[in-house]
$ cat work-v5.txt   # compact mmCIF, C-alpha atoms
# COMPACT_ATOMS: atom_id res chain seq x y z
CA MET A 1 94.35 99.10 118.24
CA ALA A 2 90.61 99.43 117.45
CA GLY A 3 90.00 100.91 120.89
CA GLU A 4 92.85 103.32 120.41
CA ARG A 5 91.42 104.48 117.07
CA ALA A 6 87.94 104.87 118.56
CA ALA A 7 89.36 107.04 121.34
CA PHE A 8 91.29 109.03 118.76
CA GLY A 9 88.07 109.50 116.78
CA ALA A 10 86.44 111.05 119.85
CA LEU A 11 89.43 113.32 120.25
CA VAL A 12 89.18 114.42 116.60
CA ARG A 13 85.48 115.19 116.96
CA SER A 14 86.05 117.29 120.06
CA HIS A 15 88.80 119.40 118.47
CA GLN A 16 87.90 119.43 114.76
CA ARG A 17 86.13 122.78 115.06
CA LEU A 18 89.26 124.47 116.44
CA VAL A 19 91.64 123.01 113.84
CA TYR A 20 89.34 123.38 110.84
CA SER A 21 88.35 126.97 111.69
CA LEU A 22 91.95 128.07 112.02
CA GLY A 23 92.85 126.38 108.75
CA LEU A 24 89.82 127.85 107.01
CA ARG A 25 90.49 131.42 108.11
CA MET A 26 94.17 131.12 107.34
CA LEU A 27 93.82 129.53 103.90
CA ALA A 28 90.34 130.83 102.94
CA ASP A 29 89.63 127.60 101.10
CA ARG A 30 87.39 124.85 102.45
CA HIS A 31 89.13 121.99 100.69
CA ALA A 32 92.60 123.20 101.59
CA ALA A 33 91.43 123.76 105.18
CA GLU A 34 90.01 120.25 105.41
CA ASP A 35 93.16 118.75 103.96
CA LEU A 36 95.28 120.78 106.36
CA ALA A 37 93.13 119.74 109.32
CA GLN A 38 93.43 116.07 108.35
CA GLU A 39 97.22 116.39 108.16
CA VAL A 40 97.30 118.04 111.57
CA PHE A 41 95.27 115.21 113.13
CA LEU A 42 97.42 112.62 111.39
CA GLN A 43 100.51 114.29 112.83
CA LEU A 44 98.79 114.29 116.22
CA TYR A 45 98.10 110.56 115.91
CA ARG A 46 101.80 109.92 115.25
CA ASN A 47 102.83 112.10 118.19
CA LEU A 48 100.16 111.35 120.77
CA ALA A 49 102.76 110.30 123.32
CA ALA A 50 104.21 113.82 123.27
CA VAL A 51 100.91 115.38 124.41
CA SER A 52 100.63 115.52 128.18
CA SER A 53 97.30 117.23 128.94
CA GLU A 54 94.14 118.72 127.47
CA ALA A 55 95.61 122.24 127.66
CA HIS A 56 98.78 121.03 126.00
CA LEU A 57 96.70 119.34 123.30
CA ALA A 58 94.88 122.58 122.42
CA PHE A 59 98.18 124.47 122.43
CA TRP A 60 99.78 121.79 120.23
CA LEU A 61 96.89 121.77 117.75
CA ARG A 62 96.84 125.56 117.39
CA LYS A 63 100.60 125.70 116.98
CA VAL A 64 100.83 122.94 114.38
CA THR A 65 97.78 124.16 112.45
CA VAL A 66 98.98 127.74 112.20
CA HIS A 67 102.54 126.81 111.32
CA ARG A 68 101.41 124.38 108.63
CA ALA A 69 99.04 127.01 107.23
CA ILE A 70 101.78 129.64 107.14
CA ASP A 71 104.06 127.16 105.35
CA ARG A 72 101.33 126.48 102.76
CA LEU A 73 100.69 130.17 102.23
CA ARG A 74 104.39 130.79 101.67
CA ARG A 75 104.49 127.97 99.11
CA GLU A 76 101.21 128.87 97.41
CA PRO A 77 100.21 132.47 98.12
CA ARG A 78 96.47 133.13 97.85
CA ASN A 79 94.63 136.22 96.82
CA GLU A 80 91.68 137.87 98.45
CA LEU A 81 88.61 135.67 98.50
CA ALA A 82 86.27 135.89 95.59
CA PRO A 83 82.79 136.90 96.75
CA LEU A 84 81.29 133.58 95.69
CA GLU A 85 83.91 131.57 97.55
CA GLU A 86 83.43 133.68 100.64
CA ALA A 87 79.66 133.19 100.40
CA GLN A 88 80.19 129.44 100.24
CA LEU A 89 82.53 129.54 103.21
CA THR A 90 79.93 131.14 105.40
CA ALA A 91 76.93 129.22 104.13
CA GLY A 92 75.01 127.67 106.98
CA GLU A 93 76.56 129.86 109.66
CA ALA A 94 74.23 131.46 112.13
CA HIS A 95 74.54 135.22 111.96
CA SER A 96 73.94 137.36 114.97
CA GLY A 97 75.45 140.52 113.51
CA ASP A 98 75.78 142.02 110.07
CA PRO A 99 76.64 139.16 107.69
CA ILE A 100 77.84 141.47 104.92
CA LEU A 101 80.15 143.33 107.26
CA GLU A 102 81.46 140.10 108.73
CA ARG A 103 82.09 138.70 105.28
CA ARG A 104 83.96 141.86 104.34
CA LEU A 105 86.10 141.62 107.47
CA ARG A 106 87.03 138.01 106.68
CA SER A 107 87.98 139.01 103.15
CA LEU A 108 90.15 141.85 104.44
CA LEU A 109 91.78 139.46 106.87
CA GLY A 110 92.95 137.48 103.85
CA LEU A 111 94.95 140.51 102.73
CA LEU A 112 97.11 140.51 105.84
CA PRO A 113 100.50 138.77 105.67
CA PRO A 114 100.33 135.16 106.99
CA ALA A 115 102.01 135.84 110.34
CA ALA A 116 99.84 138.89 111.04
CA ARG A 117 96.73 136.93 109.99
CA ALA A 118 97.68 134.15 112.41
CA VAL A 119 98.10 136.66 115.25
CA VAL A 120 94.67 138.22 114.57
CA LEU A 121 93.02 134.78 114.37
CA LEU A 122 94.57 133.55 117.59
CA ARG A 123 93.49 136.76 119.30
CA TYR A 124 89.93 137.12 118.02
CA GLN A 125 88.95 133.60 117.03
CA GLU A 126 90.75 131.67 119.76
CA ASP A 127 90.61 134.46 122.33
CA LEU A 128 94.26 134.02 123.35
CA ASP A 129 96.14 136.82 125.08
CA PRO A 130 99.35 138.19 123.51
CA ALA A 131 101.60 136.07 125.77
CA ASP A 132 99.86 132.85 124.68
CA ILE A 133 99.95 133.93 121.04
CA ALA A 134 103.67 134.60 121.39
CA ARG A 135 104.20 131.11 122.82
CA THR A 136 102.10 129.51 120.09
CA LEU A 137 103.86 131.28 117.25
CA GLY A 138 107.30 131.34 118.84
CA MET A 139 107.67 135.11 118.55
CA PRO A 140 108.30 137.88 121.11
CA VAL A 141 105.25 139.34 122.87
CA ASN A 142 106.12 142.81 121.58
CA THR A 143 106.06 141.49 118.01
CA VAL A 144 102.61 140.04 118.65
CA LYS A 145 101.41 143.38 120.02
CA SER A 146 102.79 145.31 117.08
CA HIS A 147 101.22 142.83 114.63
CA LEU A 148 97.87 143.33 116.35
CA LYS A 149 98.15 147.08 116.40
CA ARG A 150 99.18 147.32 112.74
CA SER A 151 96.61 144.77 111.60
CA LEU A 152 93.74 146.49 113.41
CA ALA A 153 94.78 149.83 111.96
CA GLU A 154 94.95 148.33 108.47
CA LEU A 155 91.59 146.59 108.81
CA ARG A 156 89.97 149.75 110.13
CA GLU A 157 91.41 151.81 107.30
CA ARG A 158 90.25 149.36 104.65
CA MET A 159 86.84 149.03 106.25
CA THR A 160 86.48 152.81 106.19
CA SER A 161 87.71 153.13 102.62
CA THR A 162 85.35 150.43 101.38
CA ALA A 163 82.40 151.39 103.56
CA GLY A 164 80.52 152.87 100.68
CA ALA A 165 81.58 150.28 98.14
CA PRO A 166 79.17 147.50 97.17
CA THR A 167 80.08 144.13 98.67
CA MET B 168 93.10 144.33 123.57
CA SER B 169 95.95 146.61 122.72
CA ASP B 170 97.36 149.05 125.19
CA ASP B 171 96.65 152.15 123.20
CA THR B 172 93.66 151.18 121.14
CA HIS B 173 91.02 151.41 123.81
CA ASP B 174 88.97 153.93 121.93
CA PRO B 175 85.34 153.07 121.12
CA GLU B 176 86.17 152.62 117.45
CA SER B 177 88.75 149.93 118.23
CA HIS B 178 86.38 148.22 120.64
CA GLU B 179 83.78 148.11 117.92
CA LEU B 180 86.24 146.66 115.39
CA GLU B 181 87.36 144.03 117.90
CA ARG B 182 83.75 143.10 118.61
CA ARG B 183 83.07 142.75 114.89
CA LEU B 184 86.19 140.67 114.40
CA ARG B 185 85.12 138.27 117.16
CA ALA B 186 81.72 137.94 115.53
CA ALA B 187 83.19 137.46 112.05
CA LEU B 188 85.67 134.87 113.25
CA ARG B 189 83.34 132.55 115.09
CA PRO B 190 84.71 129.00 114.80
CA VAL B 191 82.89 126.81 112.28
CA ASN B 192 82.50 123.07 112.00
CA PRO B 193 83.92 121.07 109.10
CA ARG B 194 81.57 119.11 106.85
CA GLU B 195 79.84 115.97 108.15
CA GLY B 196 82.14 112.97 108.00
CA PHE B 197 85.34 114.94 108.54
CA ALA B 198 86.35 112.80 111.54
CA ALA B 199 85.62 109.65 109.55
CA GLY B 200 87.98 110.93 106.83
CA VAL B 201 90.70 111.48 109.40
CA LEU B 202 90.18 107.99 110.83
CA ALA B 203 90.37 106.50 107.33
CA ARG B 204 93.75 108.16 106.87
CA VAL B 205 94.82 106.93 110.28
CA ALA B 206 93.74 103.39 109.35
CA ALA B 207 95.82 103.63 106.17
CA GLU B 208 98.88 104.45 108.26
CA PRO B 209 101.31 101.58 108.69
CA ALA B 210 100.97 100.03 112.14
CA ARG B 211 102.95 102.26 114.38
CA ARG B 212 105.19 100.99 117.08
CA PRO B 213 104.04 102.21 120.44
CA ARG B 214 106.52 104.77 121.63
CA ALA B 215 108.27 103.86 124.81
CA PRO B 216 107.32 106.24 127.57
CA ALA B 217 109.97 108.67 128.73
CA VAL B 218 110.63 106.71 131.96
CA ALA B 219 111.46 103.58 129.96
CA SER B 220 113.79 105.57 127.73
CA TRP B 221 115.63 106.95 130.71
CA LEU B 222 115.77 103.49 132.28
CA ALA B 223 117.27 102.07 129.09
CA PHE B 224 119.76 104.92 128.98
CA GLY B 225 120.63 104.35 132.64
CA LEU B 226 121.17 100.63 132.07
CA ALA B 227 123.35 101.28 129.04
CA ALA B 228 125.36 103.86 130.95
CA SER B 229 125.74 101.44 133.91
CA GLY B 230 126.92 98.75 131.49
CA VAL B 231 129.56 101.02 130.01
CA LEU B 232 130.68 102.18 133.45
CA GLY B 233 130.77 98.58 134.72
CA GLY B 234 132.87 97.56 131.70
CA LEU B 235 135.31 100.38 132.34
CA LEU B 236 135.62 99.46 136.02
CA ALA B 237 136.13 95.77 135.18
CA HIS B 238 138.81 96.71 132.67
CA GLU B 239 140.53 98.95 135.22
CA TRP B 240 140.38 96.14 137.82
CA GLN B 241 141.85 93.66 135.32
CA VAL B 242 144.70 96.01 134.43
CA ARG B 243 145.43 96.57 138.10
CA ARG B 244 145.43 92.81 138.75
CA ILE B 245 147.90 92.22 135.92
CA GLU B 246 150.11 95.02 137.28
CA GLN B 247 149.95 93.51 140.75
CA GLY B 248 150.88 90.10 139.32
CA ARG B 249 153.85 91.62 137.48
CA GLU B 250 154.98 93.40 140.61
CA ALA B 251 154.68 90.21 142.67
CA ARG B 252 156.72 88.30 140.08
CA ARG B 253 159.34 91.02 140.02
CA GLN B 254 159.59 90.93 143.80
CA LEU B 255 159.87 87.12 143.78
CA ILE B 256 162.63 87.23 141.16
CA GLU B 257 164.43 89.88 143.19
CA ALA B 258 164.08 87.80 146.33
CA LEU B 259 165.40 84.74 144.53
CA ARG B 260 168.28 86.77 143.13
CA VAL B 261 169.15 88.06 146.61
CA THR B 262 168.88 84.58 148.06
CA ASP B 263 171.04 83.22 145.30
CA GLU B 264 173.68 85.86 145.92
CA LYS B 265 173.65 85.14 149.65
CA LEU B 266 173.93 81.43 149.04
CA ASN B 267 176.85 82.03 146.68
CA LEU B 268 178.51 84.22 149.25
CA ALA B 269 178.00 81.66 151.98
CA TYR B 270 179.29 78.97 149.67
CA ARG B 271 182.41 81.00 148.90
CA VAL B 272 183.00 81.74 152.62
CA VAL B 273 182.68 78.08 153.51
CA ASN B 274 184.93 77.10 150.65
CA SER B 275 187.58 79.64 151.56
CA ARG B 276 187.52 78.54 155.21
CA GLU B 277 187.83 74.95 154.23
CA SER B 278 190.78 75.70 151.98
CA ALA B 279 192.47 77.88 154.67
CA ALA B 280 192.10 75.28 157.47
CA PRO B 281 195.09 72.91 158.12
CA PRO B 282 194.50 69.43 156.92
CA GLU B 283 193.02 67.11 159.54
CA HIS B 284 195.46 64.77 161.23
CA ALA B 285 198.30 66.62 159.47
CA GLY B 286 201.53 65.69 161.28
CA ALA B 287 199.85 63.01 163.25
$ encode --input "work-v5.txt" --output "structure tokens"
Amino acid sequence: MAGERAAFGALVRSHQRLVYSLGLRMLADRHAAEDLAQEVFLQLYRNLAAVSSEAHLAFWLRKVTVHRAIDRLRREPRNELAPLEEAQLTAGEAHSGDPILERRLRSLLGLLPPAARAVVLLRYQEDLDPADIARTLGMPVNTVKSHLKRSLAELRERMTSTAGAPT
Amino acid sequence: MSDDTHDPESHELERRLRAALRPVNPREGFAAGVLARVAAEPARRPRAPAVASWLAFGLAASGVLGGLLAHEWQVRRIEQGREARRQLIEALRVTDEKLNLAYRVVNSRESAAPPEHAGA
């Protein structure tokens, strides 16, 4: 039992970044994201026998995390991030680009409906192709593509309209 | 990514999105928190692997099938016993009839025959 838990601890450490990041970007709240991530790993612990490979594990974690996050957002809808909260979320991150622009993009992402947000995250954070996103979210590939197209257009439009606004 | 958004502006937005959505680590001690919740879980029964489940299902199915076959065999045996008894009773009935007939023939012959030493 102790050995099993130690092995599970190693598994958590190797995948915590994936689960926590998805939860954080979906919920835009560190505490909620951490709580969500813990629940996902607890569910994994109860269902370890159902996971057959490393690839399946990553697929399973993404799927469960995103679905749980969407459920939470439907129960407790959130508004756009407050600037202070967003600043806290990104504290300590290494920036290679424009931190203000990146922060603005993350805030705008929070305005997308949950399903569209999940599609954008799986595409640009997890680097999945539309077919894998469709499998993860259980939606048709064409729906994934239209979500991406609409979301990019909306983000671009908002970025343009707020380009001159102070952030 | 998208089929019809391969203009430079879209490429730039996609590049920015990738940069903005870099995965981040949770706070220190996150894994320990998960393990604490795992430790608080009631001891879970190890789940039987799929092969064992199928084996158990196979054994149960064999048991049911075996029971049905044994029942069928028993019913057939009882039927065979009944048939054998019916045939025996029929044979006895036929034998009895034949014996009766023979008895009547013998009796009638005896009564029709002239008495021995009659007129002697």
$ atom_distance --input "work-v5.txt" --atom1 "CA of Ala116 (chain A)" --atom2 "CA of His147 (chain A)"
5.5 Å
$ closest_atom_pairs --input "work-v5.txt" --of "chain B" --to "chain A" --cutoff "7 Å" --atoms "only C-alpha atoms" --output "CSV"
residue,atom,partner,partner_atom,distance
B:Ser169,CA,A:Lys149,CA,6.7
B:Arg183,CA,A:Glu102,CA,6.9
B:Leu184,CA,A:Tyr124,CA,6.3
B:Arg185,CA,A:Tyr124,CA,5.0
B:Ala187,CA,A:Glu102,CA,4.6
B:Leu188,CA,A:Gln125,CA,5.2
B:Arg189,CA,A:Gln125,CA,6.0
B:Pro190,CA,A:Ser21,CA,5.2
B:Val191,CA,A:Ser21,CA,5.5
B:Asn192,CA,A:Arg17,CA,4.8
B:Pro193,CA,A:Tyr20,CA,6.1
B:Ala198,CA,A:Arg13,CA,6.0
B:Val201,CA,A:Gln38,CA,5.4
B:Leu202,CA,A:Gly9,CA,6.5
B:Val205,CA,A:Leu42,CA,6.4
B:Arg214,CA,A:Ala49,CA,6.9
$ atom_distance --input "work-v5.txt" --atom1 "CA of Glu181 (chain B)" --atom2 "CA of Ala32 (chain A)"
27.0 Å
$ atom_distance --input "work-v5.txt" --atom1 "CA of Gly200 (chain B)" --atom2 "CA of Leu44 (chain A)"
14.7 Å
